[in-house]
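Here's the structure, in structure tokens; my notes come after.
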Amino acid sequence: MLSSLLLADLTTNLPQAIRFQRLLRNLKEEFQCGAVALLKKEEDQLRPLAVEGLVKEALGRRFKISQHPRLAAILEQRDPLLFEPQTPLPDPYDGLLDSLEGQPLPVHDCMGTSLYLDGQLWGLLTLDSLNAGTFDATAKEKLQYLTLLVEALIRMTQLEQERTSLRGLSRQKDIFMASASSGSSEIIAQSPLVTRLLQELDVVAQSDLPLLLLGETGVGKELFARFVHQHSQRAQKPLVHINCAALPESLAESELFGHSKGAFSGANQDRPGKFEAANGGTLLLDEVGELPLSIQAKLLRVLQSGEIQRLGSDATRQVDVRILAATNRNLQEGVRNGDFRADLYHRLSVYPVPLPPLRERPEDILLLAGHFLELNARRLGLRCLRLSSAAEKALLQYPWPGNVRELEHVISRAALKTLARQNSTGNGWITLEPKELDLDIEPSPASEPTEQQQAGSPSLLPLKQQVELCQRQAIQQALETTQGSWSKAARLLDVDSSNLHKLAKRLNLK
Ligand SMILES: Nc1ncnc2c1ncn2[C@@H]1O[C@H](COP(=O)(O)OP(=O)(O)OP(=O)(O)O)[C@@H](O)[C@H]1O
């Protein structure tokens, strides 16, 4: 029965996330178990691509193989591995099972299998059952033959993705987790807003266009700049970051363009600047709105000519640098006030990229929280950190003026606070409560969240923002229904097509 379902999915053209989710749902039913998870191996860690029966935030987690002996043992062998219910090895999903609402896992059955693609270890599949004794030798045998089908399904999905990206379309559809080479550059997101933005950036990255990343503080401008660099032809060359706000006017020219020996007192030797350091690669001008006016003129000349002159030298040097600029200031206003040169603004803003604040993409909040919980648990040596459902609600209700950075700090602070509790109980498993998050807004314990809050919408936003949030959701829904057709979406929403385009542009949906 299950194999025919899997075979049917092999021949259907489905987005990866939906395909994997269906696979896990079918497996959960087939094995009558509580949780199934599909994890992909990425260097020394495992990344969940789909989970069934685990809490939502589990998708944001990364499991370091060396810290999870069960997962390591599954990876070590080709055949499925059945763990004794009494095994002393800790379970990686302790506290993450949906049905247990944060309770630690009791004695239970667990089995898993490694997955290979083209002879290479790709990842693994795990199954957990709360009824000890469910998984026996027959179940293990069944998993063995289903493993082949699961591998075929993953391979098929990969081929389809490759074909799609060859056509210049998105590489990932439902859930897009852009994985860069180091953990710290990983963009965690599943909201349609960010998913679409990443798809767009993936394409724009291939050009040498200057990008202007706009957005509130802590929204991820630097992270997205790194994404662009890593997805560009320049990825093997340096990405040089310069914080214009931290650049004293007296040193700015030498920092950017370098200086020759004797150019000023203390210049004991020739020194290249950031432009030369970034040659062949990318230069990120962070907080570009803070650049002093005198330096703006010099920067403009370099951008126009592609040539730099080190301070104190007449020689010119050709540089090939792609410019990315980021700011949380309104540069147009800066131009109007005379703080920012109009010509430089036009040069930098060829392709503006507005990054949506966290409150406009509530779908990402719990995912990001899960990611930061995992990072903190690892850093503090805690076995498992999770959110109570009241804490989840509190995170969803909060308006996040400091965006992702604030969320990161809230989770780090809360994780630290739990240390004392952890020491007193001696238990590695910890649930965070709203009071530990220390947010300004506490959800009322008596009231159930509204549908809007469940979708992650902040309830205390000014009316204008709430209206915009509703408009954004309606447009996104319509686009999903019409599979991206704007004209059909306009008909569905009963608005004029050009008005819909204008509105979508204003709401950063385009
Ligand atoms: N989608 C994301 N996934 C994972 N981490 C994120 C994401 N977005 C932001 N972060 C994290 O949030 C923090 C702030 O991000 P970043 O420094 O890129 O923001 P910024 O917009 O450049 O901030 P500022 O305006 O203050 O310069 C960083 O630690 C970053 O790694």
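Within each chain, counting starts at residue 1; across the structure tokens, chains are named A, B, ... in the order shown, with ligands numbered 1 upward in that order.
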Residues of chain A that have any atom at most 7 Å from an atom of ligand 1: could you tabulate them with the shortest-distance atom pair and the distance in Å to one decimal, using only C-alpha atoms and all ligand atoms, ordered by chain and increasing number, as a Markdown table?
| residue | atom | partner | partner_atom_place_in_ligand_line | distance |
| --- | --- | --- | --- | --- |
| A:Ser184 | CA | ligand 1 | 31 (O) | 5.9 |
| A:Ser185 | CA | ligand 1 | 31 (O) | 6.5 |
| A:Glu186 | CA | ligand 1 | 4 (C) | 5.8 |
| A:Ile187 | CA | ligand 1 | 3 (N) | 3.8 |
| A:Ile188 | CA | ligand 1 | 3 (N) | 3.7 |
| A:Ala189 | CA | ligand 1 | 1 (N) | 5.4 |
| A:Gly215 | CA | ligand 1 | 21 (O) | 6.4 |
| A:Glu216 | CA | ligand 1 | 25 (O) | 5.9 |
| A:Thr217 | CA | ligand 1 | 25 (O) | 3.4 |
| A:Gly218 | CA | ligand 1 | 23 (O) | 3.5 |
| A:Val219 | CA | ligand 1 | 21 (O) | 4.0 |
| A:Gly220 | CA | ligand 1 | 18 (O) | 3.2 |
| A:Lys221 | CA | ligand 1 | 21 (O) | 3.8 |
| A:Glu222 | CA | ligand 1 | 18 (O) | 3.6 |
| A:Leu223 | CA | ligand 1 | 18 (O) | 4.0 |
| A:Phe224 | CA | ligand 1 | 18 (O) | 6.7 |
| A:Asp286 | CA | ligand 1 | 27 (O) | 6.8 |
| A:Glu287 | CA | ligand 1 | 27 (O) | 6.6 |
| A:Thr327 | CA | ligand 1 | 25 (O) | 6.5 |
| A:Asn328 | CA | ligand 1 | 25 (O) | 5.6 |
| A:Leu368 | CA | ligand 1 | 3 (N) | 6.2 |
| A:Val404 | CA | ligand 1 | 12 (O) | 4.6 |
| A:Arg405 | CA | ligand 1 | 13 (C) | 4.0 |
| A:Glu408 | CA | ligand 1 | 12 (O) | 6.5 |
Ala132 in chain A environment, 9 Å, only C-alpha atoms, sequence neighbours closer than 6 positions dropped, as a PDB file with N, CA and C atoms, in the first residue's frame:
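And here is the file that came out, out16.pdb:
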ATOM      1  N   PRO A  85      14.459  -0.157  23.475  1.00  0.00           N
ATOM      2  CA  PRO A  85      13.742   0.915  24.198  1.00  0.00           C
ATOM      3  C   PRO A  85      14.546   1.440  25.396  1.00  0.00           C
ATOM      4  N   VAL A 107      10.363   6.029  27.870  1.00  0.00           N
ATOM      5  CA  VAL A 107      10.926   4.855  27.195  1.00  0.00           C
ATOM      6  C   VAL A 107      10.109   4.630  25.925  1.00  0.00           C
ATOM      7  N   HIS A 108      10.771   4.482  24.802  1.00  0.00           N
ATOM      8  CA  HIS A 108      10.031   4.382  23.540  1.00  0.00           C
ATOM      9  C   HIS A 108      10.868   3.655  22.498  1.00  0.00           C
ATOM     10  N   ASP A 109      10.225   3.333  21.384  1.00  0.00           N
ATOM     11  CA  ASP A 109      10.928   2.668  20.292  1.00  0.00           C
ATOM     12  C   ASP A 109      11.498   3.698  19.347  1.00  0.00           C
ATOM     13  N   CYS A 110      12.631   3.369  18.794  1.00  0.00           N
ATOM     14  CA  CYS A 110      13.241   4.289  17.830  1.00  0.00           C
ATOM     15  C   CYS A 110      14.037   3.479  16.805  1.00  0.00           C
TER      16      CYS A 110
END
Two-atom distance - CA of Ala394 in chain A, CA of Leu439 in chain A (Å):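 Atom-to-atom, CA of Ala394 in chain A to CA of Leu439 in chain A, that is 7.6 Å.
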12 Å contact set for Tyr116 in chain A, only C-alpha atoms, chain neighbours under 3 positions out, as JSON, numbers by chain: {"A": [40, 41, 75, 76, 77, 78, 79, 113, 119, 120, 121, 122, 123, 124, 125, 147, 148, 149, 150, 151, 152, 153, 154, 155]}
Output of the above residues as an mmCIF file, in the first residue's frame, restricted to N, CA and C atoms:
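again_6.cif, written as the output of this step:
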data_model
loop_
_atom_site.group_PDB
_atom_site.id
_atom_site.type_symbol
_atom_site.label_atom_id
_atom_site.label_comp_id
_atom_site.auth_asym_id
_atom_site.auth_seq_id
_atom_site.Cartn_x
_atom_site.Cartn_y
_atom_site.Cartn_z
ATOM 1 N N LYS A 40 19.012 15.908 6.284
ATOM 2 C CA LYS A 40 20.058 15.892 5.258
ATOM 3 C C LYS A 40 21.404 16.192 5.933
ATOM 4 N N LYS A 41 22.417 15.426 5.529
ATOM 5 C CA LYS A 41 23.745 15.638 6.134
ATOM 6 C C LYS A 41 24.424 16.817 5.437
ATOM 7 N N LEU A 75 23.959 6.776 10.927
ATOM 8 C CA LEU A 75 24.760 7.146 9.739
ATOM 9 C C LEU A 75 25.875 6.149 9.469
ATOM 10 N N GLU A 76 26.341 5.509 10.566
ATOM 11 C CA GLU A 76 27.508 4.640 10.410
ATOM 12 C C GLU A 76 27.224 3.360 9.645
ATOM 13 N N GLN A 77 25.964 2.944 9.576
ATOM 14 C CA GLN A 77 25.708 1.688 8.866
ATOM 15 C C GLN A 77 24.694 1.846 7.752
ATOM 16 N N ARG A 78 24.780 0.951 6.789
ATOM 17 C CA ARG A 78 23.915 1.043 5.612
ATOM 18 C C ARG A 78 22.504 0.546 5.921
ATOM 19 N N ASP A 79 22.425 -0.510 6.755
ATOM 20 C CA ASP A 79 21.108 -1.101 7.054
ATOM 21 C C ASP A 79 20.397 -0.313 8.152
ATOM 22 N N THR A 113 17.327 4.892 9.467
ATOM 23 C CA THR A 113 18.115 4.321 8.385
ATOM 24 C C THR A 113 18.907 5.419 7.691
ATOM 25 N N GLY A 119 25.510 6.420 -4.446
ATOM 26 C CA GLY A 119 26.616 5.822 -3.692
ATOM 27 C C GLY A 119 27.189 6.722 -2.611
ATOM 28 N N GLN A 120 26.648 7.925 -2.445
ATOM 29 C CA GLN A 120 27.156 8.856 -1.424
ATOM 30 C C GLN A 120 26.154 8.966 -0.283
ATOM 31 N N LEU A 121 26.692 9.039 0.936
ATOM 32 C CA LEU A 121 25.817 9.226 2.093
ATOM 33 C C LEU A 121 25.112 10.581 1.963
ATOM 34 N N TRP A 122 23.773 10.589 1.994
ATOM 35 C CA TRP A 122 23.006 11.821 1.784
ATOM 36 C C TRP A 122 22.414 12.343 3.093
ATOM 37 N N GLY A 123 21.934 11.415 3.956
ATOM 38 C CA GLY A 123 21.282 11.838 5.193
ATOM 39 C C GLY A 123 20.666 10.651 5.886
ATOM 40 N N LEU A 124 19.589 10.878 6.581
ATOM 41 C CA LEU A 124 18.952 9.754 7.274
ATOM 42 C C LEU A 124 17.466 10.021 7.534
ATOM 43 N N LEU A 125 16.816 8.928 7.898
ATOM 44 C CA LEU A 125 15.392 8.975 8.219
ATOM 45 C C LEU A 125 15.244 8.385 9.621
ATOM 46 N N THR A 147 13.451 1.954 2.285
ATOM 47 C CA THR A 147 14.585 2.878 2.163
ATOM 48 C C THR A 147 14.920 3.119 0.692
ATOM 49 N N LEU A 148 14.881 2.048 -0.091
ATOM 50 C CA LEU A 148 15.219 2.179 -1.518
ATOM 51 C C LEU A 148 14.245 3.120 -2.221
ATOM 52 N N LEU A 149 12.975 2.978 -1.841
ATOM 53 C CA LEU A 149 11.969 3.855 -2.462
ATOM 54 C C LEU A 149 12.143 5.310 -2.017
ATOM 55 N N VAL A 150 12.456 5.472 -0.733
ATOM 56 C CA VAL A 150 12.656 6.832 -0.216
ATOM 57 C C VAL A 150 13.836 7.472 -0.944
ATOM 58 N N GLU A 151 14.908 6.697 -1.134
ATOM 59 C CA GLU A 151 16.081 7.244 -1.827
ATOM 60 C C GLU A 151 15.719 7.630 -3.272
ATOM 61 N N ALA A 152 14.905 6.795 -3.901
ATOM 62 C CA ALA A 152 14.502 7.106 -5.285
ATOM 63 C C ALA A 152 13.686 8.399 -5.311
ATOM 64 N N LEU A 153 12.831 8.561 -4.313
ATOM 65 C CA LEU A 153 11.994 9.762 -4.250
ATOM 66 C C LEU A 153 12.854 11.024 -4.074
ATOM 67 N N ILE A 154 13.859 10.913 -3.218
ATOM 68 C CA ILE A 154 14.739 12.076 -2.992
ATOM 69 C C ILE A 154 15.526 12.380 -4.269
ATOM 70 N N ARG A 155 16.013 11.323 -4.898
ATOM 71 C CA ARG A 155 16.794 11.517 -6.138
ATOM 72 C C ARG A 155 15.946 12.220 -7.199
#
Nearest-residue call for Leu492 in chain A, choices A:Ile475, A:Leu507, A:Ala37, A:Ala58, using only C-alpha atoms: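 Closest to Leu492 in chain A, using only C-alpha atoms: A:Ile475.
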Shell around Asn279 in chain A at 10 Å using only C-alpha atoms, local window under 2 positions removed, as an MDAnalysis selection string: chainID A and resid 234 237:240 274:277 281:283 318:322
Helix (DSSP H, G or I) call set, DSSP backbone run, range 262-415 of chain A, as a VMD selection string: chain A and resid 274 to 277 288 to 290 293 to 305 331 to 337 342 to 348 358 to 360 362 to 380 389 to 397 403 to 415
Separation of CA of Glu363 in chain A from CA of Ala415 in chain A in Å: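 Spanning CA of Ala415 in chain A to CA of Glu363 in chain A is a straight-line distance of 22.2 Å.
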Between CA of Tyr398 in chain A and CA of Asn376 in chain A, distance in Å (one decimal): 21.0 Å
Contact residues around range 352-354 of chain A with only C-alpha atoms at 7 Å, ignoring same-chain residues under 5 positions, as an MDAnalysis selection string: chainID A and resid 211:215 508
Exercise: Pro90 in chain A partners within 10 Å, only C-alpha atoms, chain neighbours under 4 positions left out, as a ChimeraX atom specification: /A:67-71,94,105,383,428
Best match for closeness to Leu437 in chain A among A:Leu493, A:Ile411, A:Leu373, A:Val228, counting only C-alpha atoms: A:Ile411
